[in-house]
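Data from protein-v5.csv: CSV, C-alpha atoms
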```csv
chain,number,residue,atom,x,y,z
Z,177,MET,CA,16.1,30.9,17.6
Z,178,ILE,CA,14.1,33.6,15.8
Z,179,PHE,CA,15.5,32.4,12.5
Z,180,GLN,CA,14.7,28.8,13.3
Z,181,ARG,CA,11.1,29.5,14.3
Z,182,ALA,CA,10.6,31.6,11.1
Z,183,LEU,CA,12.0,28.8,9.0
Z,184,ILE,CA,9.9,26.1,10.7
Z,185,ARG,CA,6.9,28.3,10.2
Z,186,GLU,CA,7.7,28.6,6.5
Z,187,PHE,CA,8.2,24.8,6.2
Z,188,ALA,CA,4.8,24.2,7.8
Z,189,THR,CA,3.0,26.7,5.5
Z,190,ILE,CA,4.5,25.1,2.4
Z,191,SER,CA,3.8,21.6,3.7
Z,192,VAL,CA,0.1,22.3,4.2
Z,193,ALA,CA,-0.2,23.6,0.6
Z,194,VAL,CA,1.8,20.7,-0.9
Z,195,PHE,CA,0.0,18.1,1.2
Z,196,LEU,CA,-3.5,19.4,0.2
Z,197,ALA,CA,-2.4,19.5,-3.4
Z,198,LEU,CA,-1.1,15.9,-3.4
Z,199,LEU,CA,-4.1,14.7,-1.4
Z,200,SER,CA,-6.5,16.3,-3.9
Z,201,ILE,CA,-4.8,14.6,-6.8
Z,202,MET,CA,-4.8,11.2,-5.1
Z,203,LEU,CA,-8.4,11.5,-4.0
Z,204,THR,CA,-9.5,12.6,-7.5
Z,205,VAL,CA,-7.7,9.7,-9.2
Z,206,GLN,CA,-9.0,7.1,-6.8
Z,207,LEU,CA,-12.5,8.5,-6.8
Z,208,VAL,CA,-12.7,8.3,-10.6
Z,209,ARG,CA,-11.5,4.7,-10.4
Z,210,LEU,CA,-14.0,3.7,-7.7
Z,211,LEU,CA,-16.9,5.5,-9.4
Z,212,GLY,CA,-16.1,3.6,-12.5
Z,213,ARG,CA,-16.3,0.3,-10.6
Z,214,ALA,CA,-19.6,1.3,-9.0
Z,215,ALA,CA,-21.0,2.3,-12.4
Z,216,GLY,CA,-20.1,-1.1,-13.8
Z,217,GLY,CA,-21.8,-2.9,-10.9
Z,218,LYS,CA,-18.5,-4.2,-9.5
Z,219,MET,CA,-19.1,-2.5,-6.1
Z,220,PRO,CA,-22.1,-0.8,-4.4
Z,221,SER,CA,-22.3,2.9,-4.8
Z,222,ASP,CA,-22.7,3.4,-1.1
Z,223,ALA,CA,-19.3,1.8,-0.5
Z,224,VAL,CA,-17.3,4.3,-2.5
Z,225,LEU,CA,-16.6,6.8,0.2
Z,226,ALA,CA,-15.7,4.1,2.8
Z,227,THR,CA,-13.3,2.4,0.4
Z,228,LEU,CA,-11.8,5.8,-0.5
Z,229,GLY,CA,-11.2,6.5,3.2
Z,230,PHE,CA,-9.3,3.2,3.7
Z,231,ILE,CA,-7.1,3.9,0.6
Z,232,THR,CA,-6.3,7.4,1.9
Z,233,LEU,CA,-5.3,6.1,5.3
Z,234,TRP,CA,-3.1,3.5,3.8
Z,235,ALA,CA,-1.3,6.0,1.5
Z,236,LEU,CA,-0.7,8.7,4.1
Z,237,PRO,CA,2.9,7.7,5.0
Z,238,LEU,CA,4.0,8.1,1.3
Z,239,LEU,CA,2.1,11.4,0.9
Z,240,LEU,CA,3.7,12.9,4.1
Z,241,ALA,CA,7.2,11.7,3.0
Z,242,VAL,CA,6.7,13.4,-0.4
Z,243,THR,CA,5.3,16.5,1.3
Z,244,LEU,CA,8.2,16.8,3.7
Z,245,PHE,CA,10.8,16.6,0.9
Z,246,ILE,CA,9.1,19.0,-1.4
Z,247,ALA,CA,8.4,21.6,1.3
Z,248,ILE,CA,12.0,21.7,2.5
Z,249,MET,CA,13.2,21.9,-1.1
Z,250,LEU,CA,10.9,24.8,-2.0
Z,251,ALA,CA,11.7,26.8,1.2
Z,252,LEU,CA,15.5,26.5,0.7
Z,253,VAL,CA,15.2,27.2,-3.0
Z,254,ARG,CA,13.4,30.4,-2.1
Z,255,SER,CA,16.2,31.3,0.3
Z,256,TYR,CA,18.7,31.0,-2.6
Z,257,ARG,CA,16.6,32.9,-5.0
Z,258,ASP,CA,16.1,35.8,-2.5
Z,259,SER,CA,19.9,35.8,-1.7
Z,260,GLU,CA,19.2,34.9,1.9
Z,261,MET,CA,21.5,31.9,1.6
Z,262,VAL,CA,24.3,34.2,0.2
Z,263,ILE,CA,24.0,36.4,3.3
Z,264,TRP,CA,23.9,33.4,5.5
Z,265,LEU,CA,27.2,32.0,4.0
Z,266,ALA,CA,28.9,35.4,3.8
Z,267,SER,CA,28.3,35.9,7.5
Z,268,GLY,CA,30.4,32.9,8.3
Z,269,GLN,CA,27.7,30.4,8.8
Z,270,SER,CA,28.0,27.0,7.1
Z,271,LEU,CA,25.5,24.9,5.2
Z,272,THR,CA,25.5,22.3,7.9
Z,273,ALA,CA,23.9,24.9,10.3
Z,274,TRP,CA,20.7,24.3,8.4
Z,275,LEU,CA,20.6,20.8,9.8
Z,276,ARG,CA,19.2,22.0,13.1
Z,277,PRO,CA,16.1,23.8,11.9
Z,278,VAL,CA,15.5,21.1,9.2
Z,279,LEU,CA,15.8,18.3,11.8
Z,280,ALA,CA,13.6,20.2,14.3
Z,281,TYR,CA,10.8,20.3,11.7
Z,282,ALA,CA,11.4,16.9,10.1
Z,283,LEU,CA,11.8,14.6,13.1
Z,284,PRO,CA,8.3,15.0,14.4
Z,285,ILE,CA,6.9,14.4,11.0
Z,286,VAL,CA,9.2,11.4,10.5
Z,287,GLY,CA,7.9,10.0,13.8
Z,288,LEU,CA,4.3,10.5,12.5
Z,289,ILE,CA,5.2,8.7,9.3
Z,290,ALA,CA,6.7,5.8,11.3
Z,291,LEU,CA,3.5,5.6,13.3
Z,292,LEU,CA,1.3,5.6,10.2
Z,293,SER,CA,3.5,3.2,8.3
Z,294,LEU,CA,3.9,0.6,11.2
Z,295,VAL,CA,0.4,0.9,12.7
Z,296,VAL,CA,-2.2,2.9,10.9
Z,297,SER,CA,-1.6,1.8,7.3
Z,298,PRO,CA,-1.8,-1.9,8.2
Z,299,TRP,CA,-4.9,-1.3,10.2
Z,300,ALA,CA,-6.5,0.5,7.2
Z,301,ALA,CA,-5.5,-2.3,4.8
Z,302,GLU,CA,-6.9,-4.9,7.2
Z,303,LYS,CA,-10.2,-3.1,7.6
Z,304,GLY,CA,-10.4,-2.4,3.9
Z,305,THR,CA,-10.0,-6.1,3.2
Z,306,GLU,CA,-12.7,-7.0,5.7
Z,307,TYR,CA,-15.0,-4.4,4.3
Z,308,ALA,CA,-14.4,-5.7,0.8
Z,309,ALA,CA,-15.3,-9.2,2.0
Z,310,GLN,CA,-18.5,-7.9,3.5
Z,311,LEU,CA,-19.4,-6.3,0.2
Z,312,ASP,CA,-18.6,-9.5,-1.7
Z,313,VAL,CA,-21.4,-11.4,0.2
Z,314,ARG,CA,-24.0,-8.8,-0.2
Z,315,ASP,CA,-27.0,-9.8,-2.3
Z,316,ASP,CA,-27.1,-9.2,-6.0
Z,317,VAL,CA,-29.7,-6.4,-5.9
Z,318,SER,CA,-27.7,-4.3,-3.4
Z,319,ARG,CA,-24.8,-4.2,-5.8
Z,320,LEU,CA,-26.7,-2.5,-8.5
Z,321,THR,CA,-27.1,1.2,-9.0
Z,322,PRO,CA,-30.5,2.6,-9.9
Z,323,GLY,CA,-30.6,3.8,-13.5
Z,324,VAL,CA,-27.5,1.8,-14.5
Z,325,PHE,CA,-27.3,-1.6,-16.1
Z,326,GLY,CA,-25.5,-4.2,-14.0
Z,327,GLU,CA,-24.3,-7.8,-14.4
Z,328,VAL,CA,-24.4,-10.4,-11.6
Z,329,ARG,CA,-23.6,-14.1,-11.4
Z,330,LYS,CA,-21.0,-14.0,-14.1
Z,331,ARG,CA,-23.3,-12.3,-16.6
Z,332,GLN,CA,-26.2,-14.8,-16.2
Z,333,TYR,CA,-28.4,-11.9,-15.2
Z,334,VAL,CA,-28.5,-8.3,-16.4
Z,335,TYR,CA,-30.7,-6.1,-14.3
Z,336,PHE,CA,-31.9,-2.6,-14.7
Z,337,PHE,CA,-33.9,-0.8,-12.0
Z,338,GLU,CA,-35.1,2.7,-12.6
Z,339,SER,CA,-35.4,3.2,-8.8
Z,340,VAL,CA,-35.0,1.2,-5.7
Z,341,SER,CA,-36.5,2.0,-2.3
Z,342,GLU,CA,-34.6,0.0,0.4
Z,343,GLU,CA,-37.0,1.1,3.1
Z,344,GLU,CA,-40.2,0.0,1.3
Z,345,GLY,CA,-38.5,-2.8,-0.6
Z,346,ALA,CA,-40.0,-1.6,-3.9
Z,347,VAL,CA,-38.4,-1.4,-7.4
Z,348,GLN,CA,-39.8,0.5,-10.4
Z,349,ASN,CA,-39.5,-0.1,-14.1
Z,350,VAL,CA,-37.5,-3.4,-14.0
Z,351,PHE,CA,-35.7,-5.0,-16.9
Z,352,VAL,CA,-34.1,-8.4,-16.5
Z,353,SER,CA,-32.2,-10.3,-19.1
Z,354,SER,CA,-31.3,-13.9,-18.2
Z,355,VAL,CA,-30.0,-17.2,-19.7
Z,356,GLN,CA,-31.7,-20.3,-18.5
Z,357,GLN,CA,-31.1,-23.8,-19.9
Z,358,GLY,CA,-29.4,-22.3,-23.0
Z,359,ARG,CA,-32.4,-20.0,-23.8
Z,360,GLU,CA,-32.2,-16.2,-23.4
Z,361,GLY,CA,-35.1,-14.5,-21.8
Z,362,VAL,CA,-36.1,-10.9,-21.2
Z,363,MET,CA,-38.5,-9.8,-18.5
Z,364,VAL,CA,-40.0,-6.3,-18.2
Z,365,SER,CA,-42.2,-5.1,-15.4
Z,366,ARG,CA,-43.4,-1.7,-14.2
Z,367,THR,CA,-43.3,-2.6,-10.5
Z,368,GLY,CA,-41.8,-5.1,-8.2
Z,369,ARG,CA,-40.7,-5.5,-4.6
Z,370,LEU,CA,-38.2,-7.3,-2.4
Z,371,GLU,CA,-39.5,-10.1,-0.3
Z,372,THR,CA,-38.0,-12.4,2.3
Z,373,ALA,CA,-39.3,-15.9,2.7
Z,374,GLU,CA,-39.8,-17.7,6.1
Z,375,ASN,CA,-36.6,-19.7,5.5
Z,376,GLY,CA,-34.6,-16.4,5.0
Z,377,ASP,CA,-34.4,-16.6,1.2
Z,378,ARG,CA,-34.8,-13.3,-0.6
Z,379,PHE,CA,-36.6,-12.7,-3.8
Z,380,VAL,CA,-37.3,-9.9,-6.3
Z,381,VAL,CA,-41.0,-10.3,-7.1
Z,382,LEU,CA,-42.0,-8.7,-10.4
Z,383,GLU,CA,-45.7,-7.8,-10.9
Z,384,ASN,CA,-47.8,-7.5,-14.0
Z,385,GLY,CA,-45.1,-7.9,-16.6
Z,386,ARG,CA,-44.0,-9.9,-19.6
Z,387,ARG,CA,-41.3,-12.5,-20.3
Z,388,TYR,CA,-39.9,-12.9,-23.8
Z,389,GLU,CA,-38.0,-16.2,-24.3
Z,390,GLY,CA,-36.3,-17.7,-27.3
Z,391,LEU,CA,-33.2,-18.3,-29.4
Z,392,PRO,CA,-31.4,-15.3,-30.9
Z,393,GLY,CA,-31.6,-15.2,-34.7
Z,394,THR,CA,-34.8,-17.3,-34.9
Z,395,ALA,CA,-38.5,-16.5,-34.9
Z,396,ASN,CA,-39.1,-19.1,-32.2
Z,397,PHE,CA,-40.0,-16.8,-29.4
Z,398,ARG,CA,-42.5,-17.2,-26.6
Z,399,VAL,CA,-44.2,-14.3,-24.9
Z,400,THR,CA,-45.6,-14.9,-21.5
Z,401,GLU,CA,-47.6,-12.4,-19.4
Z,402,PHE,CA,-47.5,-12.8,-15.7
Z,403,GLU,CA,-49.0,-11.3,-12.6
Z,404,ARG,CA,-46.2,-12.4,-10.3
Z,405,TYR,CA,-42.7,-13.6,-11.1
Z,406,ALA,CA,-40.2,-14.3,-8.4
Z,407,LEU,CA,-36.4,-14.2,-8.9
Z,408,ARG,CA,-34.3,-15.7,-6.0
Z,409,ILE,CA,-31.4,-13.6,-4.8
Z,410,GLN,CA,-28.5,-15.8,-4.0
Z,411,ASP,CA,-26.2,-14.7,-1.2
Z,412,LYS,CA,-22.6,-15.7,-1.5
Z,413,PRO,CA,-21.1,-17.6,1.5
Z,414,ARG,CA,-19.2,-15.4,3.9
Z,415,LYS,CA,-15.5,-16.0,3.7
Z,416,THR,CA,-12.8,-15.1,6.2
Z,417,PRO,CA,-10.4,-12.7,4.6
Z,418,GLU,CA,-6.9,-14.3,4.1
Z,419,LEU,CA,-4.1,-12.7,6.0
Z,420,THR,CA,-1.8,-10.9,3.5
Z,421,SER,CA,1.4,-9.1,4.0
Z,422,ARG,CA,-0.3,-5.8,3.3
Z,423,SER,CA,-3.1,-6.3,5.9
Z,424,ALA,CA,-1.0,-8.0,8.5
Z,425,SER,CA,0.0,-6.0,11.6
Z,426,THR,CA,3.7,-5.2,12.1
Z,427,LEU,CA,3.8,-7.7,15.1
Z,428,GLU,CA,2.4,-10.4,12.8
Z,429,LEU,CA,5.1,-9.6,10.2
Z,430,LEU,CA,7.7,-10.1,12.9
Z,431,ALA,CA,6.2,-13.3,14.1
Z,432,VAL,CA,5.7,-15.0,10.8
Z,433,ASN,CA,8.8,-16.1,8.9
Z,434,LEU,CA,7.6,-15.7,5.3
Z,435,SER,CA,9.6,-13.9,2.6
Z,436,THR,CA,6.5,-11.8,1.5
Z,437,PHE,CA,6.1,-10.7,5.1
Z,438,ARG,CA,9.8,-9.7,5.4
Z,439,GLY,CA,9.5,-7.7,2.2
Z,440,GLU,CA,6.5,-5.8,3.6
Z,441,LEU,CA,8.3,-5.2,6.9
Z,442,LEU,CA,11.3,-3.8,4.9
Z,443,TRP,CA,8.9,-1.4,3.2
Z,444,ARG,CA,7.3,-0.2,6.4
Z,445,ILE,CA,10.7,0.4,8.1
Z,446,GLY,CA,12.1,2.0,4.9
Z,447,VAL,CA,9.4,4.7,4.4
Z,448,PRO,CA,10.2,6.8,7.6
Z,449,VAL,CA,14.0,6.2,7.1
Z,450,ALA,CA,13.7,7.4,3.5
Z,451,ALA,CA,11.7,10.4,4.6
Z,452,LEU,CA,14.4,11.5,7.0
Z,453,VAL,CA,17.2,11.0,4.4
Z,454,LEU,CA,15.3,12.9,1.8
Z,455,ALA,CA,14.6,15.8,4.2
Z,456,LEU,CA,18.4,16.1,4.7
Z,457,LEU,CA,19.1,15.6,1.0
Z,458,ALA,CA,16.9,18.6,0.3
Z,459,ILE,CA,19.5,20.9,1.9
Z,460,PRO,CA,22.3,20.4,-0.6
Z,461,LEU,CA,19.9,19.7,-3.5
Z,462,SER,CA,18.3,23.1,-3.1
Z,463,PHE,CA,21.4,24.9,-4.3
Z,464,VAL,CA,20.6,27.3,-7.1
Z,465,ASN,CA,23.0,28.3,-9.8
Z,466,PRO,CA,22.1,31.7,-11.1
Z,467,ARG,CA,23.4,30.9,-14.5
Z,468,ALA,CA,21.4,27.7,-14.8
Z,469,PRO,CA,17.7,27.4,-15.8
Z,470,ARG,CA,15.4,28.1,-12.9
Z,471,PHE,CA,14.2,24.6,-12.1
Z,472,VAL,CA,17.2,22.5,-13.0
Z,473,ASN,CA,17.8,21.7,-9.3
Z,474,MET,CA,14.2,20.7,-8.8
Z,475,VAL,CA,14.4,18.3,-11.8
Z,476,PHE,CA,17.6,16.8,-10.4
Z,477,ALA,CA,16.0,16.4,-6.9
Z,478,LEU,CA,12.9,14.8,-8.4
Z,479,LEU,CA,15.1,12.3,-10.3
Z,480,ILE,CA,16.9,11.4,-7.0
Z,481,PHE,CA,13.6,11.0,-5.3
Z,482,VAL,CA,12.2,8.7,-8.0
Z,483,ILE,CA,15.4,6.6,-8.0
Z,484,TYR,CA,15.3,6.3,-4.2
Z,485,TRP,CA,11.7,5.1,-4.0
Z,486,ASN,CA,12.1,2.7,-6.9
Z,487,LEU,CA,15.1,1.2,-5.2
Z,488,LEU,CA,13.0,0.7,-2.1
Z,489,VAL,CA,10.3,-1.0,-4.2
Z,490,VAL,CA,12.9,-3.2,-5.9
Z,491,ALA,CA,14.5,-4.2,-2.5
Z,492,LYS,CA,11.0,-5.0,-1.2
Z,493,ALA,CA,10.2,-7.2,-4.2
Z,494,ARG,CA,13.6,-9.0,-4.0
Z,495,VAL,CA,13.2,-9.8,-0.3
Z,496,ALA,CA,9.6,-10.9,-0.9
Z,497,GLN,CA,10.8,-13.3,-3.6
Z,498,ASP,CA,13.5,-14.6,-1.3
Z,499,ARG,CA,16.3,-13.4,-3.6
Z,500,LEU,CA,17.8,-10.9,-1.2
Z,501,ASP,CA,18.6,-11.2,2.5
Z,502,PHE,CA,16.3,-9.1,4.7
Z,503,TRP,CA,19.0,-7.3,6.6
Z,504,ILE,CA,20.9,-6.6,3.4
Z,505,GLY,CA,17.8,-5.2,1.9
Z,506,VAL,CA,17.0,-3.0,4.9
Z,507,TRP,CA,20.3,-1.2,4.7
Z,508,ALA,CA,21.4,-1.5,1.1
Z,509,VAL,CA,19.2,1.3,-0.4
Z,510,HIS,CA,19.8,3.7,2.5
Z,511,GLY,CA,23.5,2.7,2.4
Z,512,VAL,CA,23.6,4.0,-1.1
Z,513,MET,CA,21.8,7.3,-0.5
Z,514,ILE,CA,23.6,8.3,2.7
Z,515,PRO,CA,27.0,8.5,1.1
Z,516,ILE,CA,25.4,10.6,-1.7
Z,517,LEU,CA,24.0,12.8,1.0
Z,518,LEU,CA,27.5,13.2,2.6
Z,519,PHE,CA,29.1,13.9,-0.7
Z,520,LEU,CA,26.6,16.6,-1.6
Z,521,PHE,CA,27.1,18.3,1.7
Z,522,VAL,CA,30.9,18.3,1.3
Z,523,GLN,CA,30.6,19.5,-2.2
Z,524,ARG,CA,28.3,22.4,-1.3
Z,525,ALA,CA,30.0,23.4,2.0
Z,526,ASN,CA,33.7,23.2,1.2
Z,527,PRO,CA,35.0,26.6,0.0
Z,528,PHE,CA,38.0,24.9,-1.5
Z,529,LEU,CA,35.9,22.8,-3.8
Z,530,LEU,CA,33.9,25.8,-4.7
Z,531,ARG,CA,37.0,27.8,-5.7
Z,532,LEU,CA,38.2,24.9,-7.8
Z,533,ARG,CA,34.8,24.9,-9.6
Z,534,ARG,CA,35.1,28.6,-10.3
Z,535,ARG,CA,38.6,28.3,-11.7
Z,536,ALA,CA,37.5,25.4,-13.9
Z,537,ARG,CA,34.8,27.7,-15.4
```

Could you spell out this file's structure in C-alpha cells?
Amino acid sequence: MIFQRALIREFATISVAVFLALLSIMLTVQLVRLLGRAAGGKMPSDAVLATLGFITLWALPLLLAVTLFIAIMLALVRSYRDSEMVIWLASGQSLTAWLRPVLAYALPIVGLIALLSLVVSPWAAEKGTEYAAQLDVRDDVSRLTPGVFGEVRKRQYVYFFESVSEEEGAVQNVFVSSVQQGREGVMVSRTGRLETAENGDRFVVLENGRRYEGLPGTANFRVTEFERYALRIQDKPRKTPELTSRSASTLELLAVNLSTFRGELLWRIGVPVAALVLALLAIPLSFVNPRAPRFVNMVFALLIFVIYWNLLVVAKARVAQDRLDFWIGVWAVHGVMIPILLFLFVQRANPFLLRLRRRAR
C-alpha cells in the first residue's frame, strides 16, 4: 500500500506538469490564431477570450488522455533508470503487479475523460456555435478594432477608427473607403458618433469632414466638404445555428440515425477507451534497455500513440461517410491495440522469452 500510494503520488505530480505544459502550448497556438482573426476584423477583439475558453473545454478530453499516457510512461521509465524495476522483478514480483497502481490512478481520470467527452465537450461546442452566431449578427462597427483597418460587407467598406468609446458612442479620427455605384470614395473626419434612429436603425455620423470620390487612374475626382454625413450600419439577420455532429449532445447522437452523428459518437466513446488502453500500454512500453539510446522507448511509444489516434480518426471518418459499420468501427481500432497490449505484456513478463533474447544476442 505504501508503494502504491507513493507511485500514485508520482503519477499525479508528473501529470500536473505535463498537463500544464500541453495546455500552455494549446492556449498559445489558439490565442495566436484568434488574435490574428481579431486583427483582421473577422471577429471582435472582446470575443477572443470567450472563444478560447470554449475551445479549451472542447479539447480537454484529448489533453487529459495524452497527459495520462505520458505521465505513466515517464514515471515507469524513471523506475527502470533508477534500477527500481530491477529490484522489483528480482524480488519475485511480476510486471503485471504494476496493473493495480496504474489502474487505481488511471480509472478515475478515464471516468473524468468520459464525462468530458460525452457531456462537457459537446456542451462547449454547442455554446461556442451559439456564441459565434451571436457575433455574426453584431453590427459592423463592433467588429472593428480601434487602430486597425477592417473590412466589412465583403470589402465594400474599409473602416479605420483611432478610438471608439462605446459608452459615449463617439469615434475619433475616422477613415472610410467605400465603393458606391462603381465609384470609389474616401471619407475622412476628425470626430463622429454612433446614433440610433427612432425605427432602430443605427448610423455612424461623421462630422466636419471631407469626401473624395472618383475613378482610380483619372483626374476626375470630386471633393465634398460636409458638416454631417451618416453611414447606416446594417445588422445581419439572426440565424438559428444548425445542429451539427460536433455540437449535438450525446443523447441527440443516439436519437438521430445519421452517419455523421454515428461517426461523432464513435469518437466520443473511443477517447476514454483509448485513454485506458494507452495507460496500460505504458507499462510494457516503458521498458528501458541499458544498451540502447536513452529515449528509444519514448520514440516507440510516441509512434504507437500517433498510430492509435490516427486509426481512431480514420474509423470516425469512415463511419461518418457510411463506408464502415458503426459497431465494427467502435471495436476495430481497440481490437487491434488490445492484442498488441497483451503481446507486449507477455514479451516483457515471461522470463523464458527474456532468456531466449539474451541467448540470441

Using only C-alpha atoms, which residue out of Z:Asn396, Z:Thr243, Z:Thr232, Z:Gln180 lies closest to Leu454 in chain Z? Z:Thr243

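Counting from CA of Thr227 in chain Z, the distance to CA of Arg422 in chain Z is 15.6 Å.
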
I'd like the interatomic distance between CA of Tyr388 in chain Z and CA of Leu370 in chain Z, to a tenth of an Å. 22.2 Å

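Of the residues under consideration (Z:Ala373, Z:Leu225, Z:Leu461, Z:Leu275), Z:Leu461 shows the shortest atom-to-atom contact distance to Leu478 in chain Z when counting all atoms listed in the file.
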
Choose the residue, out of Z:Val509, Z:Val295, Z:Ala455, Z:Val475, that has the smallest atom-to-atom separation from Leu441 in chain Z; count only C-alpha atoms.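 Selected residue with least distance to Leu441 in chain Z: Z:Val295.
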
Nearby residues, (14.3, 12.2, 8.6) file frame, 12 Å, all atoms listed in the file, as a VMD selection string: chain Z and resid 240 to 242 244 to 245 248 275 to 276 278 to 290 446 to 458 510 514

d(CA of Met513 in chain Z, CA of Ile231 in chain Z) in Å: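 Between CA of Met513 in chain Z and CA of Ile231 in chain Z the gap works out to 29.1 Å.
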
Using all atoms listed in the file, which of Z:Leu183, Z:Leu520, Z:Leu479, Z:Ser423 sits nearest Arg254 in chain Z?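 Of all the options, Z:Leu183 lies closest to Arg254 in chain Z.
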
Which of Z:Phe379, Z:Leu427, Z:Val506, Z:Asn433 sits closest to Val489 in chain Z [using only C-alpha atoms]: Z:Val506

Excluding Glu360 in chain Z and its own-chain neighbours fewer than 6 positions away, which residues fall within 9 Å of it when counting only C-alpha atoms? Please give them as a list of chain:residue names. Z:Ser353, Z:Ser354, Z:Tyr388, Z:Glu389, Z:Gly390, Z:Leu391, Z:Pro392
